[in-house]
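So the structure is just underneath, and the comments pick up after that.
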Amino acid sequence: MFQHNPEKIKRKIKKPKPLTKERLEFLALRYVARYSATRGMLGRVLQRHIDKASYADKEFASSEAVRWKNAILNRYEEKNWINDADLAKRFIEHGKQAGLSQQKMQQTLLHKGVGKNLIKEKMVEAGEGQSIDEMDLDAARIYAKKKSLGVYRKTKDADPKKDFAKMCRAGFSFETARKALNIDFSEDD
């Protein structure tokens with residue numbers, strides 16, 4: 001029977017590179033080059049690197065690194081490399097075309113670190129004169145068509161309540177889902 005030799009098998013624990021101001025700048029630049037980021041997203045990524053460095057080296061001055069992080073974030077905002085408003089506008093425009101509910105878009109943008117007021121402002125701009133409810137109804141119709149729900153279903157023997165439940169799980173309100181699927185629940189039990 002095969003036995004492992006514990007001397008041969010030694011786990012190599014990878015020690016992180018020491019975090020300097022230049023290294024943090026490099027990490028921020030690499031992240032911004034790869035992804036369209038908000039201030040909150042980039043801040044979380046840099047904070048993770050700071051936390052990792054302070055865990056590996058107990059003498060690491062994390063308060064100094066937090067000042068570096070804030071300076072980087074401010075400088076990148078001035079250069080417009082991170083722009084919350086632009087990202088929110090593009091995400092909402094894409095969400096309208098993809099059939100995302102306003103609730104789903106709002107939750108995603110909040111998770112990315114965009115403020116509530118900015119999200120509402122960009123939703124109103126993206127509506128182009130439509131109310132938020134009309135915009136949500138249009139998105140619900142797109143979602144129903146995309147997922148073959150309601151009148152867009154290929155087989156007519158499906159349960160409309162299942163389609164309705166799927167719309168509600170996607171973040172559409174009861175009334176919006178009902179209108180998008182043309183379902184009348186008044187004759188049901």
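As shown in the structure tokens, the chain order sets the letters A, B, ...; within each chain, residues go from 1, and ligands are also counted from 1 in the order they appear.
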Could you please write out, as a count of residues only, every residue of stretch 69-186 of chain A that DSSP assigns to helix (DSSP H, G or I)?
83
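The protein and nucleic acid residues lying at most 12 Å from A:Lys179 are Asp133, Glu134, Asp136, Leu137, Asp138, Ala139, Ala140, Arg141, Ala144, Gly150, Val151, Phe164, Met167, Phe172, Ser173, Phe174, Glu175, Thr176, Ala177, Leu181, Asn182, Ile183, Asp184 and Phe185 of chain A, with only C-alpha atoms considered and sequence neighbours fewer than 2 positions away removed.
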Would you mind reading off the distance between atom CA of A:Arg23 and atom CA of A:Ala61, one decimal, in Å?
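It comes out at 14.6 Å.
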Could you pull the residues within 9 Å of A:Met123, counting only C-alpha atoms, minus those fewer than 6 positions along the same chain, as a list in words?
Ala88, Lys89, Ile92, Glu93, Gln102 and Ile132 of chain A
Put those residues in a file: N, CA and C atoms, as a PDB file, in the first residue's frame.
```
ATOM      1  N   ALA A  88     -23.829  53.696 -13.251  1.00  0.00           N
ATOM      2  CA  ALA A  88     -25.250  53.518 -12.962  1.00  0.00           C
ATOM      3  C   ALA A  88     -26.093  53.753 -14.212  1.00  0.00           C
ATOM      4  N   LYS A  89     -25.762  54.785 -14.974  1.00  0.00           N
ATOM      5  CA  LYS A  89     -26.518  55.086 -16.195  1.00  0.00           C
ATOM      6  C   LYS A  89     -26.415  53.942 -17.196  1.00  0.00           C
ATOM      7  N   ILE A  92     -28.336  50.780 -15.935  1.00  0.00           N
ATOM      8  CA  ILE A  92     -29.790  50.919 -16.035  1.00  0.00           C
ATOM      9  C   ILE A  92     -30.239  50.817 -17.487  1.00  0.00           C
ATOM     10  N   GLU A  93     -29.491  51.430 -18.407  1.00  0.00           N
ATOM     11  CA  GLU A  93     -29.837  51.317 -19.830  1.00  0.00           C
ATOM     12  C   GLU A  93     -29.787  49.854 -20.275  1.00  0.00           C
ATOM     13  N   GLN A 102     -36.866  47.090 -11.866  1.00  0.00           N
ATOM     14  CA  GLN A 102     -36.235  48.238 -11.219  1.00  0.00           C
ATOM     15  C   GLN A 102     -35.682  47.831  -9.867  1.00  0.00           C
ATOM     16  N   ILE A 132     -41.625  55.454 -13.472  1.00  0.00           N
ATOM     17  CA  ILE A 132     -40.862  54.248 -13.095  1.00  0.00           C
ATOM     18  C   ILE A 132     -41.733  53.010 -13.281  1.00  0.00           C
TER      19      ILE A 132
END
```
Of A:Leu19, A:Gly129, A:Asp163, A:Met105, the one sitting nearest A:Phe60 when using only C-alpha atoms is A:Leu19
Between atom CA of A:Tyr152 and atom CA of A:Lys104, distance in Å (one decimal)
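One can read the atom CA of A:Tyr152 to atom CA of A:Lys104 distance as 22.3 Å.
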Could you tell me how far atom CA of A:Asn83 lies from atom CA of A:Tyr143, in Å and to one decimal?
28.5 Å
From the set A:His111, A:Lys116, A:Lys162, A:Lys21, which residue has the shortest atom-to-atom contact distance to A:Ala65, counting only C-alpha atoms?
A:Lys21
Counting only C-alpha atoms, which residues of stretch 88-148 of chain A fall within 10 Å of stretch 35-46 of chain A, and what is the closest atom pair for each with its distance in Å at one decimal, ordered by chain and rising number, as JSON lines?
```
{"residue": "A:Ala88", "atom": "CA", "partner": "A:Thr38", "partner_atom": "CA", "distance": 9.0}
{"residue": "A:Leu109", "atom": "CA", "partner": "A:Thr38", "partner_atom": "CA", "distance": 9.5}
{"residue": "A:Leu110", "atom": "CA", "partner": "A:Gly40", "partner_atom": "CA", "distance": 9.5}
{"residue": "A:His111", "atom": "CA", "partner": "A:Met41", "partner_atom": "CA", "distance": 8.7}
{"residue": "A:Lys112", "atom": "CA", "partner": "A:Met41", "partner_atom": "CA", "distance": 5.8}
{"residue": "A:Gly113", "atom": "CA", "partner": "A:Gly40", "partner_atom": "CA", "distance": 4.5}
{"residue": "A:Val114", "atom": "CA", "partner": "A:Thr38", "partner_atom": "CA", "distance": 7.1}
{"residue": "A:Gly115", "atom": "CA", "partner": "A:Gly40", "partner_atom": "CA", "distance": 9.7}
```
